[in-house]
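**Q** Here it is: the structure, laid out below.
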Amino acid sequence: MAIHERSLVEPERVLRKERLVVDGIDVSGDWNLIILPRTINDYDLDFYDEVIAQPEGKTIVNCYQCSYCTASCPVHNYWDERYNPRHFIYLARLGLIDELQKRADVMWRCVSCHKCTHRCPKGVLVEEVLKAILRVMAKKGIIEEYPSKKFDKFFMDSVYEHGRIEDGELLFGWIEKQGYQVAKDPILKKPIPFMGGVPQWLKDLAIKPIKNMNIGFLILNAKHMLFHPKTKNWNRFKQVLRKVMEEEGVFAH
Ligand code: SF4
Ligand code: SF4
């Protein structure tokens, strides 16, 4: 039995009388609420199987619709209640692709906090499952790839290259990719933070934490930005990783 939050039901299907007395019994308000049934014939039975076939989608089978994920989700609670991980999983299982498509504008808003995954009592890797659903939707041409996917790829390429998260390269490389002029030193050609056309909002955002940063940590970060330390034996590990990723169909370099 599916759980349906009131917000998910179209208002025209909700019947409710403010004042109603039946056989002398007062059933006003929510006591007489009826949701009109609807006939659905736009489902795609292969959709669910395709989600399961994705490397990130396998755990969708464990979901028993308790909604812990949605209750923990900051995007649902503080931004837009249409963003509802439990409901997306429910729709994907039934193959209700039209319903998923209606929510495509909010489905990309996950901030990858993993609260849902930590709280799921059934071990569903919720965030990954949602990515798998989006991936299948994009593959079927139901939605367009969202710009954030481009950042995902940029991020992944950077980690794949260095075996670690290179904050400086990631941040300034991405800014440059967006068309901003990033100033670089003439020898190593590394970005000089806050010089060039770095957007003001980023300067405002970064300046406060930097001011409060321990000096040793600042020096370490600057050193890393210049010399890009690699994880030990990364080149060997990279070959193994590449093989696994290609086999899983995640990406190919
Ligand atoms: S918390 Fe887990 S089991 Fe519960 S609805 Fe979310 S994904 Fe499904
Ligand atoms: S990872 Fe995404 S879906 Fe999960 S709680 Fe965070 S924002 Fe919500």
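Each chain in the structure tokens gets a letter, A, B, ..., in the order shown, and its residues are numbered from 1; ligands are numbered from 1 in order too.
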What residues in segment 34-253 of chain A get the DSSP label helix (DSSP H, G or I)? Please answer as a count of residues only.

**A** 130

**Q** Around ligand 1, at most 10 Å away and counting only C-alpha atoms and all ligand atoms, which residues are there? Put them as a PyMOL selection string, please.

**A** chain A and resi 3+59-73+84-90+115-127+129-130

**Q** So, with only C-alpha atoms as the atoms that count, which of A:Leu20, A:Glu99, A:Phe155, A:Ser7 lies closest to Asp80 of chain A?

**A**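 Ranking A:Leu20, A:Glu99, A:Phe155, A:Ser7 by distance to Asp80 of chain A, first place goes to A:Ser7.
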
**Q** Can you pull out every residue within 10 Å of segment 142-149 of chain A, counting only C-alpha atoms, but drop anything in the same chain fewer than 3 positions away, and send it as a PyMOL selection string?

**A** chain A and resi 97-98+100-102+104-105+107-109+134-139+152-155

**Q** Kindly export the residues of the current selection with N, CA and C atoms, as a compact mmCIF listing (two decimals), in the first residue's frame.

**A**
```txt
# COMPACT_ATOMS: atom_id res chain seq x y z
N ILE A 97 6.34 6.93 -15.72
CA ILE A 97 7.32 7.89 -16.20
C ILE A 97 6.73 9.28 -16.43
N ASP A 98 5.46 9.36 -16.75
CA ASP A 98 4.87 10.69 -16.92
C ASP A 98 4.88 11.45 -15.60
N LEU A 100 6.98 10.96 -13.16
CA LEU A 100 8.37 11.34 -12.88
C LEU A 100 8.74 12.58 -13.69
N GLN A 101 8.30 12.58 -14.94
CA GLN A 101 8.63 13.70 -15.82
C GLN A 101 8.07 15.02 -15.27
N LYS A 102 6.87 14.94 -14.69
CA LYS A 102 6.27 16.16 -14.13
C LYS A 102 7.14 16.75 -13.03
N ALA A 104 10.48 16.45 -12.96
CA ALA A 104 11.87 16.50 -13.43
C ALA A 104 12.57 17.78 -12.99
N ASP A 105 11.83 18.88 -12.88
CA ASP A 105 12.48 20.14 -12.51
C ASP A 105 13.03 20.11 -11.08
N MET A 107 13.82 17.06 -9.45
CA MET A 107 14.53 15.82 -9.15
C MET A 107 16.04 15.96 -9.11
N TRP A 108 16.56 17.04 -9.71
CA TRP A 108 18.01 17.23 -9.71
C TRP A 108 18.51 17.97 -8.47
N ARG A 109 17.62 18.27 -7.56
CA ARG A 109 18.04 19.18 -6.49
C ARG A 109 18.72 18.51 -5.29
N LEU A 134 17.35 9.00 -12.53
CA LEU A 134 17.58 10.13 -13.44
C LEU A 134 18.36 9.70 -14.68
N ARG A 135 19.30 8.82 -14.44
CA ARG A 135 20.10 8.36 -15.58
C ARG A 135 19.23 7.61 -16.59
N VAL A 136 18.33 6.76 -16.08
CA VAL A 136 17.46 6.02 -17.01
C VAL A 136 16.50 6.99 -17.71
N MET A 137 16.02 7.98 -16.96
CA MET A 137 15.13 8.96 -17.58
C MET A 137 15.87 9.70 -18.72
N ALA A 138 17.12 10.08 -18.44
CA ALA A 138 17.88 10.80 -19.47
C ALA A 138 18.13 9.89 -20.67
N LYS A 139 18.44 8.63 -20.38
CA LYS A 139 18.70 7.67 -21.46
C LYS A 139 17.49 7.50 -22.36
N ASP A 152 29.49 17.00 -12.13
CA ASP A 152 29.76 15.65 -11.63
C ASP A 152 30.91 15.02 -12.43
N LYS A 153 30.84 15.20 -13.74
CA LYS A 153 31.86 14.57 -14.60
C LYS A 153 33.21 15.25 -14.37
N PHE A 154 33.18 16.59 -14.28
CA PHE A 154 34.41 17.34 -14.05
C PHE A 154 35.05 16.90 -12.74
N PHE A 155 34.23 16.75 -11.71
CA PHE A 155 34.68 16.32 -10.38
C PHE A 155 35.32 14.92 -10.47
```

**Q** Which is closest to Arg82 of chain A among A:Lys184, A:Leu8, A:Glu56, A:Ala132, if we use only C-alpha atoms?

**A** A:Leu8

**Q** I want to know what sits within 12 Å of Asn221 of chain A, based on only C-alpha atoms, with residues of the same chain fewer than 6 positions away left out; could you give that as a list in words?

**A**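 Surrounding residues, per the criterion: Ile165, Glu166, Asp167, Gly168, Glu169, Pro193, Ile210, Met213, Asn214, Ile215, Phe227, His228 and Pro229 of chain A.
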
**Q** What gap, in Å, lies between atom CA of Val27 of chain A and atom CA of Val14 of chain A?

**A**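 Separation between atom CA of Val27 of chain A and atom CA of Val14 of chain A: 15.7 Å.
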
**Q** Among segment 59-249 of chain A, which residues does DSSP mark as strand (DSSP E or B) when it is run on the backbone? Keep the chain and numbering as in the structure and answer as a list of chain:residue names.

**A**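 Those in segment 59-249 of chain A that DSSP calls strand (DSSP E or B) are A:Val182, A:Ala183, A:Lys184, A:Pro191, A:Ile192, A:Pro193, A:Phe194, A:Met195, A:Gly196.
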
**Q** Just checking: using only C-alpha atoms, which residue out of A:Ala206, A:Leu218, A:Val51, A:Met225 ends up closest to Lys190 of chain A?

**A**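 Going through A:Ala206, A:Leu218, A:Val51, A:Met225 one by one, the smallest distance to Lys190 of chain A is for A:Met225.
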
**Q** Figure out the distance between atom CA of Tyr180 of chain A and atom CA of Gln200 of chain A, please, to one decimal in Å.

**A** 11.5 Å

**Q** Provide the atom CA of Asp42 of chain A to atom CA of Leu94 of chain A distance in Å, to one decimal place.

**A** 10.1 Å

**Q** Looking at only C-alpha atoms, which of A:Val106, A:Phe194, A:Arg242, A:Glu50 is the one that sits closest to Ile207 of chain A?

**A** A:Phe194

**Q** Near Arg13 of chain A, within 9 Å and counting only C-alpha atoms, which residues show up once chain neighbours fewer than 6 positions away are dropped, as a list in words?

**A** Ile34, Ile35, Leu36, Pro37 and Arg38 of chain A

**Q** Take the selection from the previous step and output its residues with C-alpha atoms, as a CSV table (one decimal), in the first residue's frame.

**A**
```csv
chain,number,residue,atom,x,y,z
A,34,ILE,CA,-12.5,11.3,-0.2
A,35,ILE,CA,-9.8,11.0,-2.9
A,36,LEU,CA,-11.3,10.2,-6.3
A,37,PRO,CA,-9.6,7.2,-8.0
A,38,ARG,CA,-7.8,7.6,-11.3
```
